[in-house]
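> Just passing along the structure, written as structure tokens.
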Amino acid sequence: MKADGAICVKTFFEHGFGGVSNLPVPKLGTIREVVKAAHAAGMPVLMHANSDEAQRFALDAGVDVLAHGLWNWSQEHSTTGEVTPGIKKILDDGVAQNVGWQPTMQVLYGIRDVFSTSFLADPRLSRVLPSSLIDWYRSSEGQWFRVMLAQDMKLPPDATPSQFERAVNENFAQVIDHGKRATAYIVAQHGRILFGTDTPSAPTYANPPGLNGWLEMHRLIEVGGTPAQIFKSATLTNAQTLKLDRDIGTVEVGKRANLLLLRQDPTQTIDAYAGIAKVILNGRVLDPSQLAADATH
């Protein structure tokens with residue numbers, strides 16, 4: 001893999017989601033061997049692990065990064081909305097082992113908001129999606145994924161859009177709350193937060209590339225993260241974790257010139273990212289208005 005240009009290994013532990021519960025999962029010994037081989041090659045190992053069972057498995061296997069937070073708590077851990085002793089033990093062990101934590105909280109909202117009656121009217125979408133595509137998403141053909149989800153969730157077919165929205169919001173409330181509480185705990189314990197968005201994770205229009213990163217920043221603020229922590233997570237911490245910090249992650253002579261020039265200090269407010277003056281990509285200076293979906297060329 002490394003000879004072909006790979007810089008990391010991503011593994012997976014999940015029995016299923018959305019009506020699927022019998023997916024095969026790897027054996028502990030197998031992942032331990034993967035970790036051993038990857039580390040020998042100088043590559044970190046990430047694991048898709050969003051349940052307590054999966055994260056315990058990942059920590060026992062010695063992976064470097066837990067991807068997608070911890071929102072799927074087993075029944076023994078879900079009697080209250082608080083971080084319970086079993087969940088706390090997993091989170092504490094991850095912090096003690098300095099394992100990276102990549103929450104990607106926005107991904108759950110990206111599924112839920114397919115049923116939102118207002119999402120497609122959000123004016124921010126016109127900056128990241130062509131107007132013709134937004135119009136298609138409103139069409140019966142463009143709503144195919146929403147229809148499929150409604151069937152999987154066994155929602156009543158004769159419900160109104162508002163009734164669908166309320167039902168889905170209630171359906172997602174607990175898992176979103178679990179993910180937020182787990183992430184808030186890691187933030188409070190000064191764990192190694194990595195910034196990520198998990199897009200595309202599904203054919204949902206409610207988690208559009210670009211805008212989803214901005215929304216994820218707001219999710220991190222909601223759980224107690226600071227602008228300075230988010231800035232570090234999205235730059236230096238990510239680069240160090242993927243062993244790319246010789247080339248990116250900080251502004252230094254000799255590093256790759258991929259920069260955002262902002263009008264405000266991003267370590268003080270995430271609103272800074274809404275005021276990008278210039279984009280520098282591999283040394284090429286670009287005006288952000290040129291990159292918008294609604295730009296006139």
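If you're wondering about the labels, chains in the structure tokens are A, B, ... by order shown, residues count from 1 in each chain, ligands from 1 in order shown.
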Give me every helix (DSSP H, G or I) residue in range 9-152 of chain A, going by DSSP on the backbone, as a PyMOL selection string.

chain A and resi 28-40+52-61+75-77+85-96+106-115+119-121+125-128+131-138+144-152

> Write out as a ChimeraX atom specification the residues lying within 12 Å of Arg138 in chain A, counting only C-alpha atoms and excluding same-chain residues fewer than 5 positions away.

/A:114-121,131-133,143-146,205

> With N, CA and C atoms retained, write the just-selected residues as a PDB file, in the first residue's frame.


```pdb
ATOM      1  N   VAL A 114     -32.291  15.478   5.598  1.00  0.00           N
ATOM      2  CA  VAL A 114     -32.937  15.148   4.331  1.00  0.00           C
ATOM      3  C   VAL A 114     -34.456  15.330   4.474  1.00  0.00           C
ATOM      4  N   PHE A 115     -34.940  15.218   5.710  1.00  0.00           N
ATOM      5  CA  PHE A 115     -36.372  15.356   5.976  1.00  0.00           C
ATOM      6  C   PHE A 115     -36.748  16.761   6.427  1.00  0.00           C
ATOM      7  N   SER A 116     -35.763  17.670   6.478  1.00  0.00           N
ATOM      8  CA  SER A 116     -36.051  19.042   6.874  1.00  0.00           C
ATOM      9  C   SER A 116     -36.896  19.735   5.810  1.00  0.00           C
ATOM     10  N   THR A 117     -37.888  20.498   6.247  1.00  0.00           N
ATOM     11  CA  THR A 117     -38.737  21.225   5.307  1.00  0.00           C
ATOM     12  C   THR A 117     -38.109  22.548   4.876  1.00  0.00           C
ATOM     13  N   SER A 118     -36.963  22.902   5.469  1.00  0.00           N
ATOM     14  CA  SER A 118     -36.360  24.197   5.159  1.00  0.00           C
ATOM     15  C   SER A 118     -34.929  24.107   4.637  1.00  0.00           C
ATOM     16  N   PHE A 119     -34.309  22.937   4.695  1.00  0.00           N
ATOM     17  CA  PHE A 119     -32.885  22.845   4.381  1.00  0.00           C
ATOM     18  C   PHE A 119     -32.562  23.332   2.978  1.00  0.00           C
ATOM     19  N   LEU A 120     -33.337  22.922   1.996  1.00  0.00           N
ATOM     20  CA  LEU A 120     -33.031  23.285   0.609  1.00  0.00           C
ATOM     21  C   LEU A 120     -33.270  24.767   0.326  1.00  0.00           C
ATOM     22  N   ALA A 121     -33.882  25.461   1.278  1.00  0.00           N
ATOM     23  CA  ALA A 121     -34.074  26.903   1.127  1.00  0.00           C
ATOM     24  C   ALA A 121     -32.957  27.697   1.799  1.00  0.00           C
ATOM     25  N   SER A 131     -27.555  25.961  -8.777  1.00  0.00           N
ATOM     26  CA  SER A 131     -28.999  26.140  -8.577  1.00  0.00           C
ATOM     27  C   SER A 131     -29.803  25.040  -9.262  1.00  0.00           C
ATOM     28  N   SER A 132     -29.306  24.558 -10.410  1.00  0.00           N
ATOM     29  CA  SER A 132     -30.019  23.484 -11.115  1.00  0.00           C
ATOM     30  C   SER A 132     -30.028  22.198 -10.298  1.00  0.00           C
ATOM     31  N   LEU A 133     -28.949  21.968  -9.552  1.00  0.00           N
ATOM     32  CA  LEU A 133     -28.888  20.769  -8.714  1.00  0.00           C
ATOM     33  C   LEU A 133     -29.828  20.906  -7.519  1.00  0.00           C
ATOM     34  N   GLN A 143     -35.658  13.307  -4.753  1.00  0.00           N
ATOM     35  CA  GLN A 143     -35.987  12.924  -3.370  1.00  0.00           C
ATOM     36  C   GLN A 143     -35.876  11.414  -3.149  1.00  0.00           C
ATOM     37  N   TRP A 144     -35.241  10.702  -4.073  1.00  0.00           N
ATOM     38  CA  TRP A 144     -35.220   9.242  -3.988  1.00  0.00           C
ATOM     39  C   TRP A 144     -34.593   8.733  -2.693  1.00  0.00           C
ATOM     40  N   PHE A 145     -33.524   9.382  -2.227  1.00  0.00           N
ATOM     41  CA  PHE A 145     -32.850   8.907  -1.024  1.00  0.00           C
ATOM     42  C   PHE A 145     -33.734   9.131   0.204  1.00  0.00           C
ATOM     43  N   ARG A 146     -34.440  10.233   0.215  1.00  0.00           N
ATOM     44  CA  ARG A 146     -35.381  10.507   1.303  1.00  0.00           C
ATOM     45  C   ARG A 146     -36.466   9.446   1.342  1.00  0.00           C
ATOM     46  N   TYR A 205     -28.130  15.142   0.259  1.00  0.00           N
ATOM     47  CA  TYR A 205     -27.807  16.515  -0.118  1.00  0.00           C
ATOM     48  C   TYR A 205     -27.644  17.412   1.110  1.00  0.00           C
TER      49      TYR A 205
END
```

> Might you pull out every residue within 9 Å of Leu91 in chain A, with only C-alpha atoms counted and same-chain residues fewer than 2 positions away left off, and present them as a list of chain:residue names?

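Close residues of Leu91 in chain A: A:Gln55, A:Gly86, A:Ile87, A:Lys88, A:Lys89, A:Asp93, A:Gly94, A:Val95, A:Ala96, A:Ala182, A:Tyr185, A:Ile186.
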
> Pick the closest to Ala257 in chain A from A:Pro200, A:Gly283, A:Gly191, A:Gly275: which is it, counting only C-alpha atoms?

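The shortest atom-to-atom distance to Ala257 in chain A comes from A:Gly283.
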
> When distances are computed from only C-alpha atoms, which of A:Phe195, A:Glu216, A:Leu260, A:Ala61 shows the smallest separation from Lys232 in chain A?

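When distances to Lys232 in chain A are compared using only C-alpha atoms, the smallest one comes from A:Phe195.
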
> Tell me, as a PDB file with C-alpha atoms, in the first residue's frame, which residues lie within 8 Å of range 67-77 of chain A, counting only C-alpha atoms; anything in the same chain fewer than 2 positions away does not count.


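Heads up, here's the output in result_30.pdb:
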```pdb
ATOM      1  CA  LEU A  46      -7.686   4.653  11.570  1.00  0.00           C
ATOM      2  CA  MET A  47     -10.807   2.701  12.437  1.00  0.00           C
ATOM      3  CA  HIS A  48     -14.423   3.446  11.564  1.00  0.00           C
ATOM      4  CA  ALA A  49     -15.804   2.828  15.061  1.00  0.00           C
ATOM      5  CA  ASN A  50     -18.905   4.671  16.246  1.00  0.00           C
ATOM      6  CA  SER A  51     -20.189   2.247  18.903  1.00  0.00           C
ATOM      7  CA  ASP A  52     -18.904   1.396  22.357  1.00  0.00           C
ATOM      8  CA  GLU A  53     -18.171  -2.159  21.248  1.00  0.00           C
ATOM      9  CA  GLN A  55     -14.222   1.636  20.140  1.00  0.00           C
ATOM     10  CA  VAL A  65      -7.471   7.217  15.327  1.00  0.00           C
ATOM     11  CA  THR A  79     -30.291   4.363  30.344  1.00  0.00           C
ATOM     12  CA  THR A  80     -29.656   8.128  30.627  1.00  0.00           C
ATOM     13  CA  THR A  84     -22.222   6.597  31.864  1.00  0.00           C
ATOM     14  CA  PRO A  85     -19.383   4.710  33.605  1.00  0.00           C
ATOM     15  CA  GLY A  86     -18.975   2.214  30.747  1.00  0.00           C
ATOM     16  CA  ILE A  87     -18.738   4.939  28.101  1.00  0.00           C
ATOM     17  CA  TRP A 101     -10.747  11.333  18.010  1.00  0.00           C
ATOM     18  CA  GLN A 102     -12.484  12.387  14.793  1.00  0.00           C
ATOM     19  CA  PRO A 103     -16.083  13.242  15.752  1.00  0.00           C
ATOM     20  CA  THR A 104     -17.706  14.035  12.351  1.00  0.00           C
ATOM     21  CA  MET A 105     -20.895  14.977  14.234  1.00  0.00           C
ATOM     22  CA  VAL A 175     -27.893   9.192  18.795  1.00  0.00           C
ATOM     23  CA  ILE A 176     -27.081  12.851  18.094  1.00  0.00           C
ATOM     24  CA  ASP A 177     -27.132  13.543  21.835  1.00  0.00           C
ATOM     25  CA  HIS A 178     -24.852  10.560  22.517  1.00  0.00           C
ATOM     26  CA  GLY A 179     -22.374  11.767  19.917  1.00  0.00           C
ATOM     27  CA  LYS A 180     -22.393  15.287  21.329  1.00  0.00           C
ATOM     28  CA  ALA A 182     -19.084  11.781  24.054  1.00  0.00           C
ATOM     29  CA  THR A 183     -17.312  14.469  22.047  1.00  0.00           C
ATOM     30  CA  ASP A 198     -17.173  12.234   6.612  1.00  0.00           C
TER      31      ASP A 198
END
```

> If you take only C-alpha atoms and a cut-off of 12 Å, which residues of range 136-252 of chain A touch range 5-13 of chain A, and what are their nearest atom pairs and distances in Å to one decimal, in chain and number order, as a Markdown table?


```
| residue | atom | partner | partner_atom | distance |
| --- | --- | --- | --- | --- |
| A:Ala239 | CA | A:Ile7 | CA | 11.2 |
| A:Gln240 | CA | A:Ile7 | CA | 11.9 |
| A:Thr241 | CA | A:Cys8 | CA | 9.5 |
| A:Leu242 | CA | A:Cys8 | CA | 6.8 |
| A:Lys243 | CA | A:Ile7 | CA | 7.8 |
| A:Leu244 | CA | A:Ile7 | CA | 8.7 |
```

> Write the selection just made, keeping N, CA and C atoms, as a short mmCIF file (atom, residue, chain, number, x, y, z; two decimals), in the first residue's frame?


```cif
data_model
loop_
_atom_site.label_atom_id
_atom_site.label_comp_id
_atom_site.auth_asym_id
_atom_site.auth_seq_id
_atom_site.Cartn_x
_atom_site.Cartn_y
_atom_site.Cartn_z
N ALA A 239 -2.27 17.16 10.33
CA ALA A 239 -1.04 16.94 9.58
C ALA A 239 -0.09 16.01 10.36
N GLN A 240 0.04 16.24 11.66
CA GLN A 240 0.92 15.40 12.46
C GLN A 240 0.44 13.96 12.50
N THR A 241 -0.87 13.78 12.64
CA THR A 241 -1.43 12.43 12.75
C THR A 241 -1.17 11.62 11.48
N LEU A 242 -1.28 12.28 10.33
CA LEU A 242 -1.07 11.61 9.04
C LEU A 242 0.37 11.70 8.56
N LYS A 243 1.22 12.19 9.46
CA LYS A 243 2.67 12.31 9.17
C LYS A 243 2.94 13.15 7.93
N LEU A 244 2.17 14.23 7.81
CA LEU A 244 2.32 15.17 6.69
C LEU A 244 2.85 16.52 7.15
#
```

> CA of Pro156 in chain A and CA of Val20 in chain A are how many Å apart?

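Separating CA of Pro156 in chain A from CA of Val20 in chain A is a distance of 20.1 Å.
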
> Report, in Å with one decimal, the straight-line distance from CA of Ala184 in chain A to CA of Gly224 in chain A.

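Here the two named atoms are 6.1 Å from each other.
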
> What's around Thr199 in chain A at 12 Å? Count only C-alpha atoms, leave out sequence neighbours fewer than 3 positions away in its own chain, and write the answer as an mmCIF file with C-alpha atoms, in the first residue's frame.


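What ended up in selection-v9.cif:
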```cif
data_model
loop_
_atom_site.group_PDB
_atom_site.id
_atom_site.type_symbol
_atom_site.label_atom_id
_atom_site.label_comp_id
_atom_site.auth_asym_id
_atom_site.auth_seq_id
_atom_site.Cartn_x
_atom_site.Cartn_y
_atom_site.Cartn_z
ATOM 1 C CA HIS A 68 -16.885 9.178 13.623
ATOM 2 C CA THR A 104 -17.706 14.035 12.351
ATOM 3 C CA MET A 105 -20.895 14.977 14.234
ATOM 4 C CA GLN A 106 -22.365 16.747 11.217
ATOM 5 C CA VAL A 107 -22.802 13.447 9.368
ATOM 6 C CA LEU A 108 -25.803 12.509 11.523
ATOM 7 C CA TYR A 109 -27.439 15.869 10.905
ATOM 8 C CA GLY A 110 -26.756 15.288 7.205
ATOM 9 C CA ILE A 111 -28.987 12.209 7.281
ATOM 10 C CA GLY A 196 -13.135 15.822 9.651
ATOM 11 C CA ALA A 202 -24.279 8.682 1.918
ATOM 12 C CA PRO A 203 -26.150 10.126 -1.080
ATOM 13 C CA THR A 204 -27.611 12.907 1.051
ATOM 14 C CA TYR A 205 -27.807 16.515 -0.118
ATOM 15 C CA ALA A 206 -27.910 17.710 3.513
ATOM 16 C CA ASN A 207 -24.170 17.398 4.083
ATOM 17 C CA PRO A 208 -22.704 19.210 1.052
ATOM 18 C CA PRO A 209 -18.906 19.321 0.676
ATOM 19 C CA GLY A 210 -17.430 22.594 1.854
ATOM 20 C CA LEU A 211 -20.431 23.804 3.800
ATOM 21 C CA ASN A 212 -20.319 20.662 5.938
ATOM 22 C CA GLY A 213 -16.916 21.664 7.324
ATOM 23 C CA GLU A 216 -18.964 20.754 11.782
#
```

> So what do you get for CA of Pro266 in chain A versus CA of Ile230 in chain A, distance-wise?

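If I compute the distance from CA of Pro266 in chain A to CA of Ile230 in chain A, I get 8.7 Å.
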
> Skip Leu23 in chain A itself and residues of its chain fewer than 4 positions away, then list as a VMD selection string all residues within 9 Å of it, counting only C-alpha atoms.

chain A and resid 14 to 16
